[in-house]
Amino acid sequence: MKTDVEIAQSAQMQDIRRIAEKLNITEDELELYGKYKAKITLDAFQRVKDQPNGKLVLVTAINPTPAGEGKTTTSVGLADAFHKQGKKVAVALREPSLGPCFGLKGGAAGGGYAQVVPMEDINLHFTGDFHAITTAHNLLAAVIDNHIQQGNALDIDVRRVVWKRVLDLNDRALRHVVIGMGGKAHGVPRETGFDITVASEMMAILCLASDLADMKKRLGEIVVAYTRDGRAVRAKELNVTGALTLLFKDAIKPNLVQTLEGTPAFIHGGPFANIAHGCNSVMATKFALKFADYVVTEAGFGADLGAEKFLDIKCRFAGIHPDAVVIVATVRALKMHGGMDKKDLGQVNMDALERGMQNLEKHIENIHKFGLPAVVAINAFPTDTKEELDFVEAACNKRGAEVALSEVWAKGGEGGLKLAEKVEAAMNKPNDFHFIYETEQSVEEKITAIAKEIYGADGIAFTDAAQKQLAEIKELGFDKMPVCMAKTQYSLSDDATKIGRPTGFTVTVRELRISAGAGFIVALTGNILTMPGLPKKPAAENMDIDNEGKITGLF
């Protein structure tokens, strides 16, 4: 069987100008990056901004397991299925990060016969958007340290500089560093660290900004440090907002590529799904909704994290909402949630499946709490039995969700036709979209609403440190922003070991961070890392390129 990269390399890609024609995007509205990649000019949106939006489908999933769920693969395959039906459709996805690509997770371009291409380019440097973010972020960091070195007119407390540096690689050795060593000429010594680029607030800003002017305003609002008397210092006070914004003059434009079957694909931005909201850019989604009649997009991690943030944060800022939500699951993953070991997943175990099914049921309930119709996509595996599949379908139907078997990994769009039919029907159902909380509520009330309604917690608790941060947030007037939860993706709770549908737990908030430019408060629970490390055997060890430029080992 061919690997993902072998399938991608054997694809007969269409010229990107032909892909653009499918959405009535003109050649003058493209900035070409070779034959198969392009950025879309901002003028293109101005031409169509008054046209009605197409239908929006959000793809999310159960809490992820080592068995895999296939959320991106399903998103691509569903878009291909609509394309095969003759629909004017586009898929809108995040850009992959180099860190996970070379680490444990691998790329994020789909899989099998449901991929976006050119897969190698998308997973590597693509059009340079992440490099722009890395450079702008580090420019601001350099300016902060230079300001302190040159007299510190703002009276910045060097112990409270909260703006770290970033790198788009997994490197645990850089999590905590001391800079400014070597004497007076080399800066003021202080502790700091590195985050991965996708965790940068600038990445979140890129993905939430409505245009370049909005981006400039948001960049200026970033809180970079605190003065010795406790005042928040904004990036705009360092007088480099213009310089920061010009680094995004190209990065802000959405990227256009294609699927294996020639479906237009908008791939733009890639915010951390824990420390940020984990969705592709608002601009790319809005572009897609104006140019296509059907748009398939996805949110990061499981529905308790990704879908909640998509709906409570992205939709709130963008003024959009899905017409239907697809929840991806596999029989194998459900059995893992029911307590089965990964090595035994090929065996039928109805008791484990019934226990694990509770995780999926909770996610269905959550989507309904937002007032949205849900469709469950069961990503097919050869080991699935009719008994198991029938059980899952009956349980989902009982909770008001239609079910379709998805075979897009093996069959591409053809394997997603049944899913497309179910999604089409769901989009015609009543839609009473609403948020889980309102921004005018207190921070405690917003976090409690998410923890109780979405996670199923009994309540929340704040550590002493978080209590102090909460008081400061209120004092500084940042408490009326949405809340972005940073929690383990593996459990509905804040404990990764509590799989399935845990009950009787409390969510503990250990830290609160202000992302004033992005426009939300980050509530950290558990042990969330913003700079991942490499595993014992990184994926990079399996990658190579020959003299003809053929890449192997990328997935």
# chains A, B, ... in the order shown; residues from 1 in each chain; ligands from 1
>>> select_by_dssp(residues="segment 59-211 of chain A", states="helix (DSSP H, G or I)", output="PyMOL selection string")
chain A and resi 71-84+98-102+119-123+129-149+172-174+184-186+197-199+201-208
>>> residues_around(residues="Arg94 of chain A", least_positions_apart="3", cutoff="6 Å", atoms="only C-alpha atoms", output="mmCIF file with C-alpha atoms, in the first residue's frame")
data_model
loop_
_atom_site.group_PDB
_atom_site.id
_atom_site.type_symbol
_atom_site.label_atom_id
_atom_site.label_comp_id
_atom_site.auth_asym_id
_atom_site.auth_seq_id
_atom_site.Cartn_x
_atom_site.Cartn_y
_atom_site.Cartn_z
ATOM 1 C CA ILE A 267 -5.042 26.888 3.980
ATOM 2 C CA HIS A 268 -4.139 29.804 6.206
ATOM 3 C CA GLY A 269 -2.862 30.225 9.755
ATOM 4 C CA GLY A 270 -2.343 27.597 12.423
ATOM 5 C CA ASN A 280 -7.773 28.522 10.401
#
>>> residues_around(residues="Arg316 of chain A", least_positions_apart="2", cutoff="10 Å", atoms="only C-alpha atoms", output="PyMOL selection string")
chain A and resi 309-314+318-321+434-435+438-439+482
>>> closest_residue(among="A:Asp171, A:Thr463, A:Lys429, A:Arg513", to="Gly103 of chain A", atoms="only C-alpha atoms")
A:Asp171
>>> residues_around(residues="Pro118 of chain A", least_positions_apart="4", cutoff="9 Å", atoms="only C-alpha atoms", output="number ranges by chain")
A: 8-9, 11, 13, 36-37, 122-123, 257-260
>>> residues_around(residues="Leu208 of chain A", least_positions_apart="4", cutoff="12 Å", atoms="only C-alpha atoms", output="VMD selection string")
chain A and resid 201 to 204 212 214 to 219 252 268 to 271 276 to 286 310 313 to 319 517 to 520
>>> write_last_selection(atoms="N, CA, C and O atoms", output="short mmCIF file (atom, residue, chain, number, x, y, z; two decimals), in the first residue's frame")
data_model
loop_
_atom_site.label_atom_id
_atom_site.label_comp_id
_atom_site.auth_asym_id
_atom_site.auth_seq_id
_atom_site.Cartn_x
_atom_site.Cartn_y
_atom_site.Cartn_z
N GLU A 201 0.92 34.78 20.25
CA GLU A 201 -0.31 35.55 20.17
C GLU A 201 -0.46 36.17 18.79
O GLU A 201 -1.58 36.40 18.32
N MET A 202 0.66 36.43 18.12
CA MET A 202 0.57 36.98 16.76
C MET A 202 -0.06 35.99 15.79
O MET A 202 -0.72 36.41 14.82
N MET A 203 0.13 34.72 16.03
CA MET A 203 -0.54 33.72 15.20
C MET A 203 -2.04 33.79 15.41
O MET A 203 -2.83 33.77 14.44
N ALA A 204 -2.46 33.90 16.67
CA ALA A 204 -3.89 34.02 16.96
C ALA A 204 -4.45 35.29 16.35
O ALA A 204 -5.58 35.30 15.82
N LEU A 212 -5.98 44.13 7.30
CA LEU A 212 -4.66 44.59 7.73
C LEU A 212 -4.77 45.69 8.80
O LEU A 212 -3.97 45.74 9.73
N ASP A 214 -7.18 46.04 11.01
CA ASP A 214 -7.56 45.38 12.26
C ASP A 214 -6.36 44.67 12.86
O ASP A 214 -6.15 44.67 14.08
N MET A 215 -5.53 44.09 12.00
CA MET A 215 -4.34 43.40 12.48
C MET A 215 -3.39 44.39 13.15
O MET A 215 -2.84 44.11 14.22
N LYS A 216 -3.19 45.55 12.53
CA LYS A 216 -2.31 46.56 13.12
C LYS A 216 -2.82 46.99 14.49
O LYS A 216 -2.05 47.11 15.45
N LYS A 217 -4.13 47.19 14.60
CA LYS A 217 -4.71 47.59 15.88
C LYS A 217 -4.50 46.52 16.94
O LYS A 217 -4.12 46.81 18.08
N ARG A 218 -4.74 45.26 16.56
CA ARG A 218 -4.58 44.14 17.51
C ARG A 218 -3.12 43.98 17.93
O ARG A 218 -2.84 43.70 19.10
N LEU A 219 -2.19 44.12 16.99
CA LEU A 219 -0.77 44.01 17.33
C LEU A 219 -0.37 45.06 18.36
O LEU A 219 0.41 44.80 19.28
N ILE A 252 -0.89 37.88 5.58
CA ILE A 252 -2.31 38.05 5.91
C ILE A 252 -3.21 37.57 4.77
O ILE A 252 -4.40 37.31 4.97
N HIS A 268 -4.66 28.53 5.72
CA HIS A 268 -4.14 29.80 6.21
C HIS A 268 -4.16 29.87 7.73
O HIS A 268 -5.20 29.73 8.35
N GLY A 269 -2.98 30.07 8.31
CA GLY A 269 -2.86 30.23 9.75
C GLY A 269 -2.91 28.89 10.47
O GLY A 269 -3.42 27.90 9.94
N GLY A 270 -2.34 28.85 11.68
CA GLY A 270 -2.34 27.60 12.42
C GLY A 270 -2.15 27.80 13.90
O GLY A 270 -1.16 27.36 14.47
N PRO A 271 -3.08 28.50 14.57
CA PRO A 271 -2.89 28.77 16.00
C PRO A 271 -2.94 27.51 16.85
O PRO A 271 -3.69 26.58 16.58
N ALA A 276 -4.24 28.81 22.19
CA ALA A 276 -5.07 29.69 21.36
C ALA A 276 -6.33 28.94 20.93
O ALA A 276 -6.70 27.95 21.55
N HIS A 277 -6.98 29.42 19.87
CA HIS A 277 -8.30 28.89 19.53
C HIS A 277 -8.27 27.78 18.48
O HIS A 277 -9.30 27.17 18.20
N GLY A 278 -7.13 27.51 17.85
CA GLY A 278 -6.96 26.32 17.03
C GLY A 278 -7.80 26.22 15.77
O GLY A 278 -8.22 25.12 15.41
N CYS A 279 -8.04 27.34 15.09
CA CYS A 279 -8.82 27.32 13.84
C CYS A 279 -8.05 28.06 12.74
O CYS A 279 -7.22 28.91 13.03
N ASN A 280 -8.37 27.76 11.49
CA ASN A 280 -7.77 28.52 10.40
C ASN A 280 -8.28 29.96 10.45
O ASN A 280 -9.17 30.30 11.24
N SER A 281 -7.73 30.84 9.63
CA SER A 281 -8.00 32.26 9.77
C SER A 281 -9.44 32.64 9.43
O SER A 281 -10.09 32.02 8.58
N VAL A 282 -9.92 33.67 10.13
CA VAL A 282 -11.23 34.24 9.83
C VAL A 282 -11.27 34.71 8.38
O VAL A 282 -12.27 34.50 7.68
N MET A 283 -10.18 35.32 7.92
CA MET A 283 -10.16 35.84 6.56
C MET A 283 -10.31 34.73 5.53
O MET A 283 -11.07 34.86 4.57
N ALA A 284 -9.59 33.61 5.73
CA ALA A 284 -9.70 32.50 4.78
C ALA A 284 -11.11 31.92 4.78
O ALA A 284 -11.67 31.60 3.72
N THR A 285 -11.71 31.79 5.96
CA THR A 285 -13.07 31.26 6.04
C THR A 285 -14.05 32.20 5.37
O THR A 285 -14.95 31.78 4.63
N LYS A 286 -13.90 33.50 5.61
CA LYS A 286 -14.80 34.48 4.99
C LYS A 286 -14.61 34.52 3.48
O LYS A 286 -15.60 34.63 2.73
N PHE A 310 -14.03 27.35 18.49
CA PHE A 310 -14.51 27.80 17.18
C PHE A 310 -15.82 28.55 17.35
O PHE A 310 -16.01 29.63 16.79
N ILE A 313 -15.41 31.63 20.27
CA ILE A 313 -14.42 32.67 20.01
C ILE A 313 -14.43 33.09 18.53
O ILE A 313 -14.74 34.23 18.20
N LYS A 314 -14.11 32.16 17.63
CA LYS A 314 -14.03 32.53 16.21
C LYS A 314 -15.37 33.03 15.68
O LYS A 314 -15.41 34.07 15.00
N CYS A 315 -16.43 32.30 15.95
CA CYS A 315 -17.74 32.72 15.44
C CYS A 315 -18.18 34.06 16.03
O CYS A 315 -18.80 34.88 15.35
N ARG A 316 -17.82 34.28 17.29
CA ARG A 316 -18.18 35.54 17.95
C ARG A 316 -17.49 36.72 17.25
O ARG A 316 -18.10 37.76 16.99
N PHE A 317 -16.18 36.57 16.96
CA PHE A 317 -15.43 37.65 16.33
C PHE A 317 -15.78 37.81 14.85
O PHE A 317 -15.79 38.93 14.32
N ALA A 318 -16.04 36.70 14.18
CA ALA A 318 -16.24 36.74 12.72
C ALA A 318 -17.69 37.00 12.32
O ALA A 318 -17.95 37.35 11.17
N GLY A 319 -18.63 36.81 13.24
CA GLY A 319 -20.04 37.00 12.90
C GLY A 319 -20.58 35.92 11.98
O GLY A 319 -21.44 36.17 11.14
N GLY A 517 -4.33 41.44 22.43
CA GLY A 517 -4.35 41.65 20.99
C GLY A 517 -5.28 40.68 20.29
O GLY A 517 -6.07 41.06 19.43
N ALA A 518 -5.18 39.41 20.69
CA ALA A 518 -6.09 38.40 20.13
C ALA A 518 -7.51 38.65 20.59
O ALA A 518 -8.47 38.37 19.88
N GLY A 519 -7.64 39.17 21.82
CA GLY A 519 -8.96 39.51 22.34
C GLY A 519 -9.57 38.47 23.25
O GLY A 519 -10.79 38.42 23.39
N PHE A 520 -8.73 37.64 23.90
CA PHE A 520 -9.27 36.67 24.84
C PHE A 520 -8.34 36.47 26.04
O PHE A 520 -7.18 36.88 26.03
#
>>> residues_around(residues="Asp80 of chain A", least_positions_apart="5", cutoff="7 Å", atoms="only C-alpha atoms", output="VMD selection string")
chain A and resid 261 263 412 to 413
>>> select_by_dssp(residues="segment 25-111 of chain A", states="strand (DSSP E or B)", output="VMD selection string")
chain A and resid 30 to 32 38 to 40 55 to 61 89 to 93 110 to 111
>>> write_last_selection(atoms="N, CA, C and O atoms", output="compact mmCIF listing (two decimals), in the first residue's frame")
# COMPACT_ATOMS: atom_id res chain seq x y z
N LEU A 30 -4.76 36.61 -8.06
CA LEU A 30 -3.84 35.62 -7.51
C LEU A 30 -2.41 36.16 -7.49
O LEU A 30 -2.00 36.89 -8.40
N GLU A 31 -1.68 35.79 -6.47
CA GLU A 31 -0.23 36.01 -6.42
C GLU A 31 0.40 34.63 -6.40
O GLU A 31 0.30 33.89 -5.42
N LEU A 32 1.00 34.24 -7.52
CA LEU A 32 1.43 32.86 -7.72
C LEU A 32 2.73 32.55 -6.98
O LEU A 32 3.68 33.34 -6.99
N ALA A 38 -0.91 29.61 -4.48
CA ALA A 38 -1.12 31.05 -4.71
C ALA A 38 -1.70 31.69 -3.47
O ALA A 38 -2.34 31.03 -2.64
N LYS A 39 -1.43 32.98 -3.34
CA LYS A 39 -2.15 33.79 -2.37
C LYS A 39 -3.23 34.56 -3.10
O LYS A 39 -3.09 34.89 -4.29
N ILE A 40 -4.32 34.84 -2.39
CA ILE A 40 -5.43 35.57 -2.98
C ILE A 40 -5.36 37.01 -2.48
O ILE A 40 -5.24 37.25 -1.27
N LYS A 55 -22.87 27.87 2.58
CA LYS A 55 -23.14 27.06 3.77
C LYS A 55 -21.82 26.65 4.42
O LYS A 55 -20.85 26.32 3.71
N LEU A 56 -21.78 26.66 5.75
CA LEU A 56 -20.55 26.33 6.48
C LEU A 56 -20.72 25.05 7.28
O LEU A 56 -21.67 24.90 8.05
N VAL A 57 -19.80 24.12 7.09
CA VAL A 57 -19.79 22.85 7.83
C VAL A 57 -18.54 22.81 8.70
O VAL A 57 -17.42 22.96 8.19
N LEU A 58 -18.72 22.62 9.99
CA LEU A 58 -17.59 22.48 10.92
C LEU A 58 -17.35 21.00 11.18
O LEU A 58 -18.27 20.26 11.52
N VAL A 59 -16.09 20.58 11.03
CA VAL A 59 -15.72 19.19 11.33
C VAL A 59 -14.92 19.18 12.63
O VAL A 59 -13.93 19.89 12.78
N THR A 60 -15.37 18.38 13.58
CA THR A 60 -14.70 18.23 14.87
C THR A 60 -14.62 16.73 15.18
O THR A 60 -14.84 15.91 14.29
N ALA A 61 -14.29 16.37 16.41
CA ALA A 61 -14.07 14.95 16.70
C ALA A 61 -14.26 14.66 18.18
O ALA A 61 -14.38 15.57 19.02
N VAL A 89 -17.59 24.14 -4.05
CA VAL A 89 -17.19 23.86 -2.67
C VAL A 89 -15.72 24.21 -2.47
O VAL A 89 -14.92 24.20 -3.41
N ALA A 90 -15.38 24.52 -1.23
CA ALA A 90 -13.99 24.72 -0.84
C ALA A 90 -13.80 24.16 0.56
O ALA A 90 -14.75 24.08 1.35
N VAL A 91 -12.58 23.74 0.85
CA VAL A 91 -12.23 23.31 2.20
C VAL A 91 -11.28 24.36 2.78
O VAL A 91 -10.45 24.92 2.06
N ALA A 92 -11.44 24.67 4.07
CA ALA A 92 -10.62 25.70 4.73
C ALA A 92 -9.94 25.07 5.94
O ALA A 92 -10.62 24.66 6.89
N LEU A 93 -8.60 25.00 5.90
CA LEU A 93 -7.84 24.29 6.93
C LEU A 93 -6.71 25.16 7.48
O LEU A 93 -6.36 26.18 6.90
N GLY A 110 -4.16 15.87 5.74
CA GLY A 110 -5.06 14.77 5.46
C GLY A 110 -4.28 13.49 5.28
O GLY A 110 -3.09 13.40 5.63
N GLY A 111 -4.92 12.46 4.73
CA GLY A 111 -4.25 11.19 4.56
C GLY A 111 -4.90 10.31 3.51
O GLY A 111 -6.05 10.54 3.11
>>> closest_residue(among="A:Leu372, A:Ala273, A:Leu524, A:Ile205", to="Ile133 of chain A", atoms="only C-alpha atoms")
A:Ile205
